[in-house]
$ cat coords_11.txt   # compact mmCIF, C-alpha atoms
# COMPACT_ATOMS: atom_id res chain seq x y z
CA MET A 71 -40.20 1.08 -8.82
CA ASN A 72 -41.37 4.65 -8.40
CA LEU A 73 -39.69 7.32 -6.27
CA ASP A 74 -41.83 6.69 -3.19
CA GLU A 75 -41.10 2.96 -3.34
CA LEU A 76 -37.39 3.64 -3.81
CA ILE A 77 -37.29 5.88 -0.73
CA GLU A 78 -39.25 3.33 1.30
CA VAL A 79 -36.98 0.44 0.30
CA SER A 80 -33.80 2.52 0.68
CA PHE A 81 -34.64 3.34 4.28
CA ASN A 82 -35.87 0.02 5.54
CA PRO A 83 -33.94 -1.14 8.68
CA ALA A 84 -31.14 -2.80 6.69
CA ASN A 85 -30.80 -0.51 3.68
CA SER A 86 -30.92 2.65 5.79
CA ILE A 87 -27.34 1.86 6.88
CA LEU A 88 -26.16 1.69 3.28
CA SER A 89 -28.22 4.74 2.29
CA ILE A 90 -26.76 6.89 5.07
CA LEU A 91 -23.21 5.78 4.19
CA LEU A 92 -23.85 6.56 0.53
CA ILE A 93 -25.19 10.02 1.39
CA LEU A 94 -22.10 10.66 3.55
CA SER A 95 -19.90 9.47 0.68
CA VAL A 96 -21.57 11.90 -1.74
CA PHE A 97 -21.15 14.68 0.83
CA TYR A 98 -17.47 13.75 1.18
CA TRP A 99 -16.88 14.04 -2.57
CA ILE A 100 -18.72 17.36 -2.74
CA MET A 101 -16.57 18.72 0.11
CA THR A 102 -13.43 17.34 -1.54
CA MET A 103 -14.23 19.05 -4.84
CA VAL A 104 -15.15 22.33 -3.16
CA THR A 105 -12.42 22.56 -0.52
CA GLY A 106 -9.74 20.15 -1.68
CA VAL A 107 -9.91 18.48 1.74
CA GLY A 108 -9.72 14.71 1.80
CA ASP A 109 -6.33 14.04 0.27
CA TYR A 110 -4.92 11.18 2.33
CA ASP A 111 -2.48 8.32 2.04
CA ILE A 112 -2.32 4.63 2.80
CA ASP A 113 1.19 3.25 2.77
CA PHE A 114 2.26 -0.34 3.30
CA ASP A 115 5.74 -0.86 4.74
CA ALA A 116 7.69 -4.07 4.23
CA ASP A 117 7.68 -4.93 7.93
CA VAL A 118 3.96 -4.60 8.52
CA ASP A 119 0.89 -5.74 6.63
CA ALA A 120 -0.86 -2.38 6.85
CA ASP A 121 0.42 0.93 8.13
CA PHE A 122 -2.58 3.23 7.92
CA ASP A 123 -1.79 6.95 7.81
CA ALA A 124 -5.32 7.92 6.75
CA PRO A 125 -8.33 6.57 4.86
CA ASP A 126 -7.51 7.43 1.28
CA GLY A 127 -4.78 7.14 -1.31
CA MET A 128 -3.19 4.12 -2.94
CA VAL A 129 -1.46 0.98 -1.77
CA GLU A 130 2.32 0.79 -1.99
CA VAL A 131 3.16 -2.89 -2.62
CA PRO A 132 6.44 -4.08 -1.06
CA ASN A 133 8.75 -6.71 -2.59
CA ASP A 134 7.36 -9.55 -0.46
CA PRO A 135 3.71 -8.64 0.07
CA SER A 136 1.43 -10.56 2.40
CA SER A 137 -1.68 -12.34 1.13
CA PHE A 138 -3.80 -9.40 2.28
CA ILE A 139 -1.75 -6.90 0.28
CA GLN A 140 -1.77 -9.23 -2.73
CA PHE A 141 -5.57 -9.26 -2.51
CA LEU A 142 -5.63 -5.44 -2.40
CA LYS A 143 -3.37 -5.40 -5.45
CA PHE A 144 -5.75 -7.86 -7.16
CA LEU A 145 -8.53 -5.31 -6.56
CA ASN A 146 -6.38 -2.69 -8.37
CA LEU A 147 -5.76 -0.76 -5.13
CA ASP A 148 -2.09 -0.37 -5.99
CA ILE A 149 -3.28 2.12 -8.63
CA ILE A 150 -6.93 3.03 -7.96
CA PRO A 151 -7.39 5.45 -5.01
CA ILE A 152 -9.03 3.68 -2.08
CA THR A 153 -11.67 6.33 -1.45
CA PHE A 154 -12.79 6.15 -5.08
CA PHE A 155 -12.87 2.35 -4.91
CA ILE A 156 -14.84 2.25 -1.64
CA THR A 157 -17.37 4.73 -3.00
CA LEU A 158 -18.08 2.49 -5.99
CA VAL A 159 -18.28 -0.61 -3.78
CA LEU A 160 -20.73 1.16 -1.51
CA LEU A 161 -22.85 2.31 -4.47
CA PHE A 162 -23.05 -1.18 -5.99
CA THR A 163 -23.74 -2.79 -2.60
CA TRP A 164 -26.60 -0.34 -2.10
CA LEU A 165 -28.00 -0.98 -5.59
CA ILE A 166 -27.87 -4.75 -5.19
CA ASN A 167 -29.41 -4.83 -1.73
CA VAL A 168 -32.13 -2.32 -2.62
CA ASN A 169 -33.17 -4.46 -5.59
CA ILE A 170 -33.10 -7.63 -3.47
CA SER A 171 -35.29 -5.88 -0.89
CA TYR A 172 -37.77 -4.76 -3.54
CA TYR A 173 -38.06 -7.87 -5.69
CA ILE A 174 -37.56 -10.65 -3.09
CA ALA A 175 -39.91 -10.80 -0.13
CA LEU A 176 -37.91 -11.73 2.96
CA PRO A 177 -38.10 -10.96 6.68
CA TYR A 178 -36.43 -7.62 7.41
CA TRP A 179 -33.61 -9.26 9.35
CA MET A 180 -32.64 -11.25 6.23
CA TYR A 181 -31.80 -8.05 4.38
CA PHE A 182 -28.97 -7.47 6.86
CA ILE A 183 -27.53 -10.83 5.82
CA THR A 184 -27.89 -10.12 2.09
CA ILE A 185 -25.60 -7.11 2.55
CA VAL A 186 -22.64 -9.51 2.88
CA PRO A 187 -22.95 -11.26 -0.52
CA ALA A 188 -23.92 -7.91 -2.06
CA PHE A 189 -20.71 -6.40 -0.69
CA VAL A 190 -18.55 -9.29 -1.93
CA ALA A 191 -20.13 -9.12 -5.38
CA SER A 192 -19.56 -5.34 -5.40
CA LEU A 193 -15.85 -5.80 -4.67
CA PHE A 194 -15.36 -7.85 -7.81
CA LEU A 195 -17.75 -5.73 -9.86
CA THR A 196 -15.81 -2.60 -8.89
CA LYS A 197 -12.49 -4.32 -9.64
CA TYR A 198 -13.49 -5.13 -13.23
CA LEU A 199 -15.32 -1.87 -13.90
CA SER A 200 -12.33 0.14 -12.64
CA MET A 201 -9.81 -1.66 -14.88
CA PRO A 202 -10.26 0.79 -17.81
CA LEU A 203 -9.36 3.61 -15.38
CA LYS A 204 -6.01 2.09 -14.39
CA PRO A 205 -4.00 3.80 -17.17
CA ILE A 206 -5.48 7.16 -16.13
CA PHE A 207 -4.73 6.78 -12.42
CA LYS A 208 -1.29 5.34 -13.21
CA GLU A 209 -0.30 8.64 -14.83
CA ILE A 210 -1.33 10.78 -11.89
CA ASN A 211 -0.30 10.81 -8.26
CA HIS A 212 -2.57 10.76 -5.21
CA LYS A 213 -3.40 14.46 -5.62
CA GLY A 214 -4.59 14.09 -9.19
CA GLU A 215 -1.55 15.97 -10.51
CA ILE A 216 0.96 14.88 -13.14
CA ALA A 217 3.54 12.62 -11.45
CA TYR A 218 6.69 14.43 -10.33
CA ASP A 219 10.28 13.54 -11.16
CA TYR A 220 11.56 12.58 -7.71
CA LEU A 221 15.21 11.92 -8.59
CA GLY A 222 17.51 14.35 -6.80
CA ARG A 223 14.85 15.52 -4.36
CA VAL A 224 15.52 15.55 -0.63
CA GLY A 225 13.01 14.45 1.97
CA VAL A 226 12.74 13.34 5.59
CA LEU A 227 12.69 9.65 6.53
CA LYS A 228 9.58 8.56 8.41
CA SER A 229 11.07 5.19 9.31
CA THR A 230 14.54 3.72 9.84
CA ILE A 231 16.03 1.78 6.93
CA GLU A 232 19.12 -0.38 6.37
CA ASN A 233 20.17 -3.34 4.23
CA ASP A 234 17.07 -4.46 2.27
CA LYS A 235 14.52 -2.92 4.61
CA LEU A 236 11.96 -0.62 3.01
CA GLY A 237 10.79 2.58 4.68
CA MET A 238 8.91 5.79 4.04
CA LEU A 239 10.32 9.12 2.86
CA GLU A 240 8.25 12.30 2.97
CA LEU A 241 8.81 15.04 0.39
CA VAL A 242 7.17 18.43 0.28
CA ILE A 243 6.55 19.66 -3.27
CA ASN A 244 4.59 22.86 -3.84
CA LYS A 245 3.50 22.68 -0.18
CA ASP A 246 2.09 19.20 -0.77
CA PRO A 247 3.46 16.35 1.41
CA ILE A 248 4.15 13.21 -0.62
CA LYS A 249 5.24 9.88 0.84
CA LEU A 250 7.32 7.37 -1.10
CA LEU A 251 8.53 3.85 -0.42
CA VAL A 252 12.35 3.89 -0.27
CA LYS A 253 15.39 1.68 0.34
CA SER A 254 18.97 2.56 1.25
CA LYS A 255 21.09 2.63 -1.93
CA ASP A 256 24.14 0.88 -0.43
CA GLY A 257 22.35 -0.77 2.49
CA SER A 258 23.75 1.71 5.01
CA PHE A 259 21.83 2.62 8.17
CA LEU A 260 19.58 5.66 7.85
CA LYS A 261 17.45 6.55 10.84
CA VAL A 262 14.03 8.12 11.11
CA GLY A 263 14.09 11.92 10.96
CA GLU A 264 17.23 12.10 8.82
CA LYS A 265 17.27 13.82 5.45
CA ALA A 266 17.79 11.56 2.46
CA CYS A 267 18.21 12.21 -1.24
CA ILE A 268 16.54 10.11 -3.92
CA VAL A 269 19.28 8.83 -6.23
CA ASP A 270 17.63 6.06 -8.23
CA GLU A 271 14.36 4.27 -8.94
CA ASN A 272 13.62 0.57 -8.75
CA PRO A 273 12.98 -0.87 -12.26
CA ASP A 274 9.42 -1.89 -11.37
CA LYS A 275 8.81 1.66 -10.04
CA LYS A 276 7.54 0.40 -6.70
CA PHE A 277 10.18 2.17 -4.59
CA TYR A 278 13.19 4.50 -4.77
CA PHE A 279 16.81 4.28 -3.63
CA VAL A 280 18.08 6.97 -1.28
CA GLU A 281 21.34 8.13 0.26
CA LYS A 282 21.94 10.31 3.29
CA SER A 283 21.70 13.99 2.50
CA TYR A 284 23.89 16.58 4.17
CA GLU A 285 21.70 19.42 2.98
CA ILE A 286 20.93 21.84 5.82
$ encode --input "coords_11.txt" --output "structure tokens"
Amino acid sequence: MNLDELIEVSFNPANSILSILLILSVFYWIMTMVTGVGDYDIDFDADVDADFDAPDGMVEVPNDPSSFIQFLKFLNLDIIPITFFITLVLLFTWLINVNISYYIALPYWMYFITIVPAFVASLFLTKYLSMPLKPIFKEINHKGEIAYDYLGRVGVLKSTIENDKLGMLELVINKDPIKLLVKSKDGSFLKVGEKACIVDENPDKKFYFVEKSYEI
């Protein structure tokens, strides 16, 4: 396949969708590297299957995750940043469908259908290819910085917690907002907007224990 053939196949009616998305993805990463823009979170609370704050970040897995969250964890999205994962999935989907379009003669409308199995295959391909990166991403937070020691820090609750309910706490460290999954240390009622201090960490490091802070 020469360059002209690649361009022609990449911008046939079906593959043009994938090609445009891939170009936008590359542009996104260039802008992220140049400006630092594009640092987002996805947090999963215990009471909802998916609480989307923005389209990037990592998945916080609660104690009793739904099947959907378990599937995301299976794809390594509890450690691998979602934007990075989606970019790889998009790249592999594009590669697979472009090669199908070039080597297998089908009606153009069939290439829209082949996107689906190409996407599914890319999910699993990305999962296994990203596994060697898990130790690297595990040692850094969502901003690509060395993980902070959160014990003793005070933040603002973004959701009400009591008993065994999990909620979100927002900290600001070096002007960077960071959200953590938290639970009340003694089960006492702590409402949204209150300040809370991180006093302990769950052994599996999935959430932190907090107490009400009287810091002004």
$ residues_near_point --input "coords_11.txt" --point "(-22.6, -3.3, 0.2)" --cutoff "9 Å" --atoms "only C-alpha atoms" --output "JSON, numbers by chain"
{"A": [88, 159, 160, 161, 162, 163, 164, 165, 166, 167, 184, 185, 186, 187, 188, 189, 190, 191, 192, 193]}
$ closest_residue --input "coords_11.txt" --among "A:Leu145, A:Leu250, A:Ile139, A:Thr157" --to "Leu94 (chain A)" --atoms "only C-alpha atoms"
A:Thr157
$ atom_distance --input "coords_11.txt" --atom1 "CA of Pro247 (chain A)" --atom2 "CA of Met201 (chain A)"
27.7 Å
$ residues_near_point --input "coords_11.txt" --point "(-32.7, -3.7, 1.1)" --cutoff "12 Å" --atoms "all atoms listed in the file" --output "ChimeraX atom specification"
/A:75-89,163-186,188
$ write_last_selection --input "coords_11.txt" --atoms "C-alpha atoms" --output "JSON list (two decimals), in the frame of the given file"
[["chain", "number", "residue", "atom", "x", "y", "z"],
["A", 75, "GLU", "CA", -41.10, 2.96, -3.34],
["A", 76, "LEU", "CA", -37.39, 3.64, -3.81],
["A", 77, "ILE", "CA", -37.29, 5.88, -0.73],
["A", 78, "GLU", "CA", -39.25, 3.33, 1.30],
["A", 79, "VAL", "CA", -36.98, 0.44, 0.30],
["A", 80, "SER", "CA", -33.80, 2.52, 0.68],
["A", 81, "PHE", "CA", -34.64, 3.34, 4.28],
["A", 82, "ASN", "CA", -35.87, 0.02, 5.54],
["A", 83, "PRO", "CA", -33.94, -1.14, 8.68],
["A", 84, "ALA", "CA", -31.14, -2.80, 6.69],
["A", 85, "ASN", "CA", -30.80, -0.51, 3.68],
["A", 86, "SER", "CA", -30.92, 2.65, 5.79],
["A", 87, "ILE", "CA", -27.34, 1.86, 6.88],
["A", 88, "LEU", "CA", -26.16, 1.69, 3.28],
["A", 89, "SER", "CA", -28.22, 4.74, 2.29],
["A", 163, "THR", "CA", -23.74, -2.79, -2.60],
["A", 164, "TRP", "CA", -26.60, -0.34, -2.10],
["A", 165, "LEU", "CA", -28.00, -0.98, -5.59],
["A", 166, "ILE", "CA", -27.87, -4.75, -5.19],
["A", 167, "ASN", "CA", -29.41, -4.83, -1.73],
["A", 168, "VAL", "CA", -32.13, -2.32, -2.62],
["A", 169, "ASN", "CA", -33.17, -4.46, -5.59],
["A", 170, "ILE", "CA", -33.10, -7.63, -3.47],
["A", 171, "SER", "CA", -35.29, -5.88, -0.89],
["A", 172, "TYR", "CA", -37.77, -4.76, -3.54],
["A", 173, "TYR", "CA", -38.06, -7.87, -5.69],
["A", 174, "ILE", "CA", -37.56, -10.65, -3.09],
["A", 175, "ALA", "CA", -39.91, -10.80, -0.13],
["A", 176, "LEU", "CA", -37.91, -11.73, 2.96],
["A", 177, "PRO", "CA", -38.10, -10.96, 6.68],
["A", 178, "TYR", "CA", -36.43, -7.62, 7.41],
["A", 179, "TRP", "CA", -33.61, -9.26, 9.35],
["A", 180, "MET", "CA", -32.64, -11.25, 6.23],
["A", 181, "TYR", "CA", -31.80, -8.05, 4.38],
["A", 182, "PHE", "CA", -28.97, -7.47, 6.86],
["A", 183, "ILE", "CA", -27.53, -10.83, 5.82],
["A", 184, "THR", "CA", -27.89, -10.12, 2.09],
["A", 185, "ILE", "CA", -25.60, -7.11, 2.55],
["A", 186, "VAL", "CA", -22.64, -9.51, 2.88],
["A", 188, "ALA", "CA", -23.92, -7.91, -2.06]]
$ atom_distance --input "coords_11.txt" --atom1 "CA of Lys197 (chain A)" --atom2 "CA of Ile152 (chain A)"
11.5 Å
$ residues_around --input "coords_11.txt" --residues "region 235-243 of chain A" --least-positions-apart "6" --cutoff "6 Å" --atoms "all atoms listed in the file" --output "PDB file with C-alpha atoms, in the frame of the given file"
ATOM      1  CA  ALA A 116       7.690  -4.070   4.230  1.00  0.00           C
ATOM      2  CA  GLY A 225      13.010  14.450   1.970  1.00  0.00           C
ATOM      3  CA  VAL A 226      12.740  13.340   5.590  1.00  0.00           C
ATOM      4  CA  LEU A 227      12.690   9.650   6.530  1.00  0.00           C
ATOM      5  CA  LYS A 228       9.580   8.560   8.410  1.00  0.00           C
ATOM      6  CA  SER A 229      11.070   5.190   9.310  1.00  0.00           C
ATOM      7  CA  LYS A 249       5.240   9.880   0.840  1.00  0.00           C
ATOM      8  CA  LEU A 250       7.320   7.370  -1.100  1.00  0.00           C
ATOM      9  CA  LEU A 251       8.530   3.850  -0.420  1.00  0.00           C
ATOM     10  CA  VAL A 252      12.350   3.890  -0.270  1.00  0.00           C
ATOM     11  CA  LYS A 253      15.390   1.680   0.340  1.00  0.00           C
TER      12      LYS A 253
END
$ atom_distance --input "coords_11.txt" --atom1 "CA of Asn233 (chain A)" --atom2 "CA of Phe138 (chain A)"
24.8 Å
